file final_4.cif (mmCIF, C-alpha atoms)
data_structure
#
loop_
_atom_site.label_atom_id
_atom_site.label_comp_id
_atom_site.auth_asym_id
_atom_site.auth_seq_id
_atom_site.Cartn_x
_atom_site.Cartn_y
_atom_site.Cartn_z
CA MET A 353 -54.78 24.58 25.72
CA GLN A 354 -52.07 27.15 25.81
CA GLY A 355 -52.58 30.16 23.59
CA LYS A 356 -49.41 29.39 21.67
CA SER A 357 -49.37 25.95 20.09
CA LYS A 358 -46.12 24.04 19.88
CA ALA A 359 -46.92 23.46 16.23
CA SER A 360 -46.51 27.18 15.67
CA GLN A 361 -42.78 26.82 16.32
CA LYS A 362 -42.27 26.39 12.61
CA GLN A 363 -39.04 24.88 11.38
CA THR A 364 -37.82 24.70 7.80
CA ILE A 365 -36.47 21.18 7.45
CA SER A 366 -34.84 19.78 4.35
CA THR A 367 -35.75 16.19 3.59
CA SER A 368 -32.12 15.56 2.70
CA ASP A 369 -31.01 16.56 6.19
CA VAL A 370 -30.95 13.59 8.58
CA LYS A 371 -29.84 15.41 11.71
CA ARG A 372 -32.20 15.56 14.68
CA VAL A 373 -34.07 18.74 15.39
CA LYS A 374 -34.74 19.26 19.10
CA ILE A 375 -37.19 21.84 20.37
CA GLU A 376 -37.77 22.63 24.02
CA PRO A 377 -41.52 22.99 24.74
CA PRO A 378 -42.76 25.98 26.68
CA THR A 379 -43.50 25.60 30.37
CA THR A 380 -47.03 24.44 31.17
CA VAL A 381 -49.09 24.98 34.29
CA SER A 382 -49.99 21.72 36.00
CA VAL A 383 -53.48 21.12 37.35
CA PRO A 384 -54.59 18.80 40.14
CA ILE A 385 -55.07 15.17 39.11
CA ASN A 386 -58.61 13.92 39.47
CA ASN A 387 -59.16 11.10 41.94
CA LYS A 388 -60.44 8.90 39.15
CA THR A 389 -57.10 9.36 37.39
CA ASN A 390 -55.22 8.48 40.59
CA ALA A 391 -57.14 5.23 40.78
CA GLU A 392 -56.37 4.34 37.19
CA THR A 393 -54.05 1.34 36.87
CA ARG A 394 -54.14 0.94 33.11
CA PHE A 395 -52.34 3.05 30.52
CA LYS A 396 -54.24 3.55 27.25
CA VAL A 397 -52.90 4.59 23.88
CA LEU A 398 -54.97 5.49 20.83
CA SER A 399 -53.45 5.57 17.34
CA TRP A 400 -55.74 6.89 14.63
CA ASN A 401 -55.44 8.28 11.12
CA ILE A 402 -58.44 10.61 11.24
CA ASP A 403 -58.34 11.30 7.50
CA GLY A 404 -58.00 15.06 7.48
CA LEU A 405 -57.77 15.09 3.69
CA ASP A 406 -61.29 13.79 3.05
CA GLU A 407 -63.55 16.80 2.56
CA GLN A 408 -66.36 14.85 0.88
CA GLU A 409 -69.73 16.55 1.28
CA LYS A 410 -68.06 19.01 3.67
CA THR A 411 -68.30 16.55 6.55
CA ILE A 412 -64.80 17.03 7.96
CA ASP A 413 -66.06 19.19 10.85
CA ILE A 414 -68.65 16.59 11.90
CA ARG A 415 -66.19 13.70 11.54
CA THR A 416 -63.57 15.52 13.61
CA ARG A 417 -66.11 16.23 16.33
CA GLY A 418 -66.93 12.51 16.26
CA VAL A 419 -63.26 11.77 16.93
CA ILE A 420 -63.32 14.22 19.84
CA ASP A 421 -66.39 12.46 21.26
CA VAL A 422 -64.51 9.13 21.16
CA ILE A 423 -61.54 10.68 22.96
CA LYS A 424 -63.75 12.20 25.66
CA ARG A 425 -65.77 9.02 26.09
CA TYR A 426 -62.83 6.65 26.55
CA TYR A 427 -59.96 8.86 27.68
CA PHE A 428 -61.23 11.70 29.83
CA PHE A 429 -60.39 10.11 33.19
CA SER A 430 -57.71 7.61 32.16
CA SER A 431 -53.99 7.46 31.55
CA LYS A 432 -53.44 8.23 27.96
CA LEU A 433 -51.36 9.12 24.93
CA LEU A 434 -52.91 9.92 21.58
CA LEU A 435 -51.23 9.56 18.21
CA ILE A 436 -53.34 11.17 15.50
CA TYR A 437 -52.86 12.35 11.91
CA PHE A 438 -54.27 15.71 10.87
CA LYS A 439 -54.76 18.45 8.39
CA PHE A 440 -54.41 21.97 9.84
CA PHE A 441 -58.20 22.51 10.13
CA THR A 442 -58.76 19.39 12.24
CA PHE A 443 -55.72 20.25 14.35
CA ASP A 444 -57.13 23.63 15.34
CA LEU A 445 -60.53 22.16 16.13
CA ILE A 446 -59.12 19.41 18.34
CA ARG A 447 -56.79 21.79 20.17
CA ASN A 448 -59.71 24.09 20.93
CA LEU A 449 -62.07 21.34 22.11
CA LEU A 450 -59.50 19.31 24.07
CA PRO A 451 -57.81 21.93 26.25
CA GLU A 452 -56.58 19.27 28.71
CA TYR A 453 -53.98 18.11 26.19
CA ASP A 454 -50.65 19.48 25.01
CA SER A 455 -49.98 19.08 21.29
CA TYR A 456 -46.76 18.33 19.43
CA ALA A 457 -46.89 18.53 15.64
CA GLY A 458 -44.56 17.13 12.99
CA ASN A 459 -45.25 20.11 10.73
CA SER A 460 -47.43 23.21 10.54
CA GLU A 461 -48.59 22.97 6.92
CA SER A 462 -50.69 20.62 4.80
CA TYR A 463 -51.03 17.08 6.23
CA PHE A 464 -48.99 16.07 9.28
CA VAL A 465 -48.74 13.91 12.39
CA VAL A 466 -49.49 15.05 15.94
CA ILE A 467 -48.99 13.61 19.40
CA LEU A 468 -51.36 14.72 22.17
CA THR A 469 -50.48 14.14 25.83
CA ARG A 470 -52.65 14.72 28.87
CA ARG A 471 -51.01 17.67 30.63
CA GLU A 472 -51.69 16.52 34.18
CA LEU A 473 -50.07 13.12 33.57
CA PHE A 474 -47.08 13.85 31.33
CA LYS A 475 -44.11 16.11 31.92
CA VAL A 476 -42.59 16.54 28.47
CA GLN A 477 -38.81 16.97 28.41
CA ASN A 478 -38.44 17.80 24.70
CA PHE A 479 -39.49 16.57 21.28
CA GLU A 480 -37.79 15.82 17.97
CA ILE A 481 -38.77 16.02 14.32
CA ILE A 482 -36.61 13.66 12.26
CA PRO A 483 -36.91 13.99 8.45
CA TYR A 484 -36.76 10.92 6.24
CA PRO A 485 -33.96 11.57 3.72
CA GLY A 486 -35.62 9.59 0.90
CA THR A 487 -39.24 10.73 1.17
CA ASN A 488 -40.92 12.32 -1.83
CA ILE A 489 -43.92 13.63 0.12
CA GLY A 490 -42.44 15.27 3.20
CA ARG A 491 -42.91 12.44 5.71
CA ASN A 492 -41.03 12.40 9.02
CA LEU A 493 -40.76 10.81 12.46
CA LEU A 494 -42.06 12.67 15.52
CA ILE A 495 -40.70 11.72 18.97
CA VAL A 496 -41.86 13.15 22.29
CA HIS A 497 -39.60 12.44 25.29
CA ALA A 498 -41.66 12.50 28.45
CA MET A 499 -42.02 11.49 32.09
CA TYR A 500 -45.29 9.78 32.95
CA LYS A 501 -46.71 10.42 36.44
CA ASN A 502 -43.25 11.59 37.54
CA SER A 503 -42.01 8.00 37.58
CA ILE A 504 -41.83 6.39 34.13
CA GLU A 505 -39.59 7.77 31.39
CA ILE A 506 -41.07 7.10 27.98
CA ASP A 507 -40.37 7.95 24.34
CA LEU A 508 -43.57 8.42 22.32
CA MET A 509 -43.11 8.06 18.57
CA THR A 510 -45.43 8.41 15.60
CA SER A 511 -45.15 8.64 11.83
CA HIS A 512 -47.17 8.42 8.63
CA HIS A 513 -45.04 6.40 6.22
CA GLU A 514 -44.70 6.79 2.47
CA SER A 515 -47.91 6.30 0.50
CA GLY A 516 -48.25 4.57 -2.87
CA THR A 517 -48.21 1.17 -4.53
CA GLU A 518 -45.14 1.77 -6.67
CA GLU A 519 -41.92 -0.14 -5.99
CA ILE A 520 -40.09 3.07 -5.11
CA ALA A 521 -42.71 3.85 -2.44
CA SER A 522 -42.48 0.31 -1.07
CA LYS A 523 -38.71 0.50 -0.71
CA GLU A 524 -38.93 3.90 0.96
CA ARG A 525 -41.54 2.60 3.45
CA MET A 526 -39.19 -0.17 4.53
CA LYS A 527 -36.32 2.29 4.96
CA GLN A 528 -38.55 4.51 7.07
CA LEU A 529 -39.68 1.59 9.22
CA LYS A 530 -36.09 0.46 9.78
CA LEU A 531 -35.14 3.98 10.85
CA CYS A 532 -38.02 4.04 13.35
CA PHE A 533 -36.99 0.67 14.76
CA LYS A 534 -33.44 1.96 15.11
CA HIS A 535 -34.63 4.92 17.14
CA MET A 536 -36.58 2.53 19.36
CA THR A 537 -33.62 0.23 19.96
CA ASP A 538 -31.18 3.13 20.38
CA ALA A 539 -33.28 4.77 23.09
CA PRO A 540 -31.69 4.57 26.58
CA SER A 541 -32.44 1.16 28.08
CA HIS A 542 -34.18 2.58 31.17
CA ARG A 543 -36.81 4.28 28.99
CA ILE A 544 -39.93 2.73 27.47
CA ALA A 545 -40.39 3.24 23.72
CA LEU A 546 -43.85 3.29 22.10
CA PHE A 547 -44.17 3.70 18.34
CA GLY A 548 -47.42 3.76 16.39
CA GLY A 549 -48.94 5.18 13.26
CA ASP A 550 -50.27 4.69 9.77
CA LEU A 551 -47.25 2.86 8.35
CA ASN A 552 -48.93 2.04 5.04
CA ILE A 553 -47.19 -1.32 5.33
CA ARG A 554 -48.17 -4.24 3.10
CA GLU A 555 -48.07 -7.84 4.28
CA LYS A 556 -45.62 -8.73 1.53
CA GLU A 557 -43.33 -6.08 2.99
CA LEU A 558 -43.75 -7.28 6.54
CA GLN A 559 -44.77 -10.89 6.92
CA LYS A 560 -46.94 -10.49 10.02
CA VAL A 561 -50.67 -11.08 10.30
CA GLY A 562 -52.99 -10.27 13.22
CA LYS A 563 -54.07 -13.31 15.22
CA ARG A 564 -57.55 -11.97 15.96
CA LYS A 565 -59.50 -11.82 12.70
CA GLU A 566 -61.76 -8.97 13.76
CA CYS A 567 -58.68 -6.79 14.42
CA THR A 568 -56.56 -7.84 11.45
CA TYR A 569 -57.46 -4.91 9.18
CA THR A 570 -57.43 -1.24 10.12
CA TRP A 571 -58.29 0.01 6.59
CA ASP A 572 -61.14 -2.17 5.35
CA ILE A 573 -63.36 -1.27 2.39
CA ASN A 574 -65.45 -4.36 3.15
CA ARG A 575 -66.63 -2.78 6.41
CA ASN A 576 -65.87 0.93 6.06
CA THR A 577 -67.91 2.75 3.41
CA ASN A 578 -66.29 6.19 3.69
CA VAL A 579 -64.23 5.62 0.54
CA TYR A 580 -66.05 4.92 -2.73
CA TYR A 581 -64.73 1.83 -4.51
CA PRO A 582 -66.26 0.92 -7.88
CA SER A 583 -65.77 -2.86 -7.82
CA THR A 584 -68.19 -5.15 -6.01
CA GLU A 585 -66.12 -8.25 -6.72
CA TYR A 586 -62.90 -7.09 -5.04
CA ARG A 587 -62.77 -4.71 -2.11
CA PRO A 588 -59.29 -4.02 -0.68
CA ARG A 589 -58.33 -4.09 2.97
CA ALA A 590 -55.03 -3.85 4.80
CA ARG A 591 -53.43 -3.52 8.20
CA PHE A 592 -51.78 -0.16 7.57
CA ASP A 593 -51.88 0.98 11.21
CA ARG A 594 -49.63 -0.64 13.82
CA LEU A 595 -48.22 -0.22 17.31
CA TYR A 596 -44.80 -1.33 18.56
CA TYR A 597 -43.50 -1.46 22.12
CA ARG A 598 -40.01 -1.75 23.62
CA PRO A 599 -39.91 -2.27 27.39
CA SER A 600 -37.57 -0.71 29.90
CA THR A 601 -34.78 -2.83 31.35
CA GLN A 602 -35.50 -1.49 34.83
CA THR A 603 -37.13 -4.24 36.86
CA THR A 604 -38.85 -1.69 39.10
CA ILE A 605 -40.98 -0.45 36.19
CA GLN A 606 -44.16 -2.45 35.70
CA PHE A 607 -45.50 -1.56 32.25
CA GLN A 608 -46.89 -4.52 30.33
CA PRO A 609 -49.03 -4.73 27.16
CA VAL A 610 -52.31 -6.50 27.81
CA TYR A 611 -54.80 -6.08 25.00
CA PHE A 612 -55.77 -4.07 21.93
CA GLU A 613 -58.98 -3.44 20.04
CA LEU A 614 -60.36 -1.34 17.19
CA GLU A 615 -62.27 1.90 17.75
CA GLY A 616 -64.34 4.21 15.52
CA LEU A 617 -66.53 1.36 14.24
CA GLU A 618 -69.83 3.21 14.54
CA LYS A 619 -71.28 5.49 11.87
CA LEU A 620 -72.14 9.06 12.77
CA PRO A 621 -75.95 9.22 12.45
CA SER A 622 -76.13 12.77 11.07
CA ILE A 623 -73.97 12.03 8.01
CA LYS A 624 -74.15 8.21 7.86
CA ARG A 625 -70.36 8.03 7.62
CA TYR A 626 -67.59 6.87 9.93
CA CYS A 627 -65.20 9.27 11.66
CA SER A 628 -62.44 8.10 9.31
CA ASP A 629 -61.72 5.57 6.59
CA HIS A 630 -59.25 4.03 9.10
CA TRP A 631 -60.19 2.26 12.30
CA ALA A 632 -58.32 3.40 15.40
CA ILE A 633 -56.04 1.07 17.36
CA GLN A 634 -56.66 1.27 21.10
CA ALA A 635 -54.09 -0.54 23.25
CA TYR A 636 -54.00 -1.19 27.00
CA PHE A 637 -50.97 -1.54 29.27
CA ASP A 638 -50.90 -2.59 32.93
CA ILE A 639 -48.85 -0.25 35.10
#

call {"tool": "encode", "arguments": {"input": "final_4.cif", "output": "structure tokens"}}
result
Amino acid sequence: MQGKSKASQKQTISTSDVKRVKIEPPTTVSVPINNKTNAETRFKVLSWNIDGLDEQEKTIDIRTRGVIDVIKRYYFFSSKLLLIYFKFFTFDLIRNLLPEYDSYAGNSESYFVVILTRRELFKVQNFEIIPYPGTNIGRNLLIVHAMYKNSIEIDLMTSHHESGTEEIASKERMKQLKLCFKHMTDAPSHRIALFGGDLNIREKELQKVGKRKECTYTWDINRNTNVYYPSTEYRPRARFDRLYYRPSTQTTIQFQPVYFELEGLEKLPSIKRYCSDHWAIQAYFDI
């Protein structure tokens, strides 16, 4: 990883300001692509809220290293984009232990979103941080504009939408989602748009349910024991995390969604906890 993180390019952004903020990333030094990468015909994307706020029993370091192990196990030799949600401590640890990736952060303080791209596969043109005008907790949309393998132009988008069960939070979530969809549809037609994140969406807000039961819920107190919940009669679960895809109109670009699954389902033996209270979404695209 470069000595100077892109997250260190701190910007003071008012949440009432809806204009786009564009930042040119510093030049990176490319490295030769491994033969295994050349042979790869499937693009993978991992979207994961790694729960940087949970410092229970001081296990955040071990949980973060568990996340890094997952990334190395499934992504080291494959085409990839990672959308992850951090606190500053986990961000520094992941940057240090995953030097093959460039990082683009939505903020440099507290709790924020990050996009990681494999340096040898992505040439990043620029990135944007777009504030949500109605947020009460500093949420925003992060977009990285990139070229994949010098042939496919792609807009990579992530966000962590408004939290809370109150009506005001619900209305703000829907406004944020509509804004994200607008940025997807407004992207130039020759580009691919991928958007994923912890949208905190409720089914009553978005009447869509997963067809595969084992992948319906990404935050599931029935299966995930990281979060203490006092009731044994009712244990909440939801599909907070989602991925959306808008294809390119160019017929020469072959980039098709194939399959998705959940990741992070195994407990870490040393602490008997999962990497996060959220499961990761891992999606596959044929290219």

call {"tool": "resolve_selection", "arguments": {"input": "final_4.cif", "expression": "the PyMOL selection byres ((chain A and resi 537-551) around 8)", "output": "PDB file with C-alpha atoms, keeping the file's coordinate frame"}}
result
ATOM      1  CA  SER A 399     -53.450   5.570  17.340  1.00  0.00           C
ATOM      2  CA  TRP A 400     -55.740   6.890  14.630  1.00  0.00           C
ATOM      3  CA  ASN A 401     -55.440   8.280  11.120  1.00  0.00           C
ATOM      4  CA  LEU A 435     -51.230   9.560  18.210  1.00  0.00           C
ATOM      5  CA  ILE A 436     -53.340  11.170  15.500  1.00  0.00           C
ATOM      6  CA  ILE A 504     -41.830   6.390  34.130  1.00  0.00           C
ATOM      7  CA  GLU A 505     -39.590   7.770  31.390  1.00  0.00           C
ATOM      8  CA  ILE A 506     -41.070   7.100  27.980  1.00  0.00           C
ATOM      9  CA  ASP A 507     -40.370   7.950  24.340  1.00  0.00           C
ATOM     10  CA  LEU A 508     -43.570   8.420  22.320  1.00  0.00           C
ATOM     11  CA  MET A 509     -43.110   8.060  18.570  1.00  0.00           C
ATOM     12  CA  THR A 510     -45.430   8.410  15.600  1.00  0.00           C
ATOM     13  CA  SER A 511     -45.150   8.640  11.830  1.00  0.00           C
ATOM     14  CA  HIS A 512     -47.170   8.420   8.630  1.00  0.00           C
ATOM     15  CA  HIS A 513     -45.040   6.400   6.220  1.00  0.00           C
ATOM     16  CA  GLU A 514     -44.700   6.790   2.470  1.00  0.00           C
ATOM     17  CA  ARG A 525     -41.540   2.600   3.450  1.00  0.00           C
ATOM     18  CA  LEU A 529     -39.680   1.590   9.220  1.00  0.00           C
ATOM     19  CA  CYS A 532     -38.020   4.040  13.350  1.00  0.00           C
ATOM     20  CA  PHE A 533     -36.990   0.670  14.760  1.00  0.00           C
ATOM     21  CA  LYS A 534     -33.440   1.960  15.110  1.00  0.00           C
ATOM     22  CA  HIS A 535     -34.630   4.920  17.140  1.00  0.00           C
ATOM     23  CA  MET A 536     -36.580   2.530  19.360  1.00  0.00           C
ATOM     24  CA  ASN A 552     -48.930   2.040   5.040  1.00  0.00           C
ATOM     25  CA  ILE A 553     -47.190  -1.320   5.330  1.00  0.00           C
ATOM     26  CA  PHE A 592     -51.780  -0.160   7.570  1.00  0.00           C
ATOM     27  CA  ASP A 593     -51.880   0.980  11.210  1.00  0.00           C
ATOM     28  CA  ARG A 594     -49.630  -0.640  13.820  1.00  0.00           C
ATOM     29  CA  LEU A 595     -48.220  -0.220  17.310  1.00  0.00           C
ATOM     30  CA  TYR A 596     -44.800  -1.330  18.560  1.00  0.00           C
ATOM     31  CA  TYR A 597     -43.500  -1.460  22.120  1.00  0.00           C
ATOM     32  CA  ARG A 598     -40.010  -1.750  23.620  1.00  0.00           C
ATOM     33  CA  PRO A 599     -39.910  -2.270  27.390  1.00  0.00           C
ATOM     34  CA  SER A 600     -37.570  -0.710  29.900  1.00  0.00           C
ATOM     35  CA  THR A 601     -34.780  -2.830  31.350  1.00  0.00           C
ATOM     36  CA  GLN A 602     -35.500  -1.490  34.830  1.00  0.00           C
TER      37      GLN A 602
END

call {"tool": "resolve_selection", "arguments": {"input": "final_4.cif", "expression": "the PyMOL selection byres ((chain A and resi 611-626) around 9)", "output": "list in words"}}
result
Leu398, Trp400, Thr411, Ile414, Arg415, Gly418, Val419, Val422, Glu566, Cys567, Thr570, Arg575, Asn576, Thr577, Asn578, Pro609, Val610, Cys627, Ser628, Asp629, His630, Trp631, Ala632, Ile633, Gln634, Ala635, Tyr636 and Phe637 of chain A

call {"tool": "atom_distance", "arguments": {"input": "final_4.cif", "atom1": "atom CA of A:Asp421", "atom2": "atom CA of A:Arg471"}}
result
18.7 Å

call {"tool": "atom_distance", "arguments": {"input": "final_4.cif", "atom1": "atom CA of A:Ile481", "atom2": "atom CA of A:Leu493"}}
result
5.9 Å

call {"tool": "atom_distance", "arguments": {"input": "final_4.cif", "atom1": "atom CA of A:Pro451", "atom2": "atom CA of A:Asn492"}}
result
25.9 Å

call {"tool": "axis_aligned_box", "arguments": {"input": "final_4.cif", "around": "stretch 532-548 of chain A", "padding_each_side": "8 Å", "output": "lines of an AutoDock Vina configuration file"}}
result
center_x = -39.3
center_y = 2.6
center_z = 22.3
size_x = 32.2
size_y = 20.7
size_z = 33.8
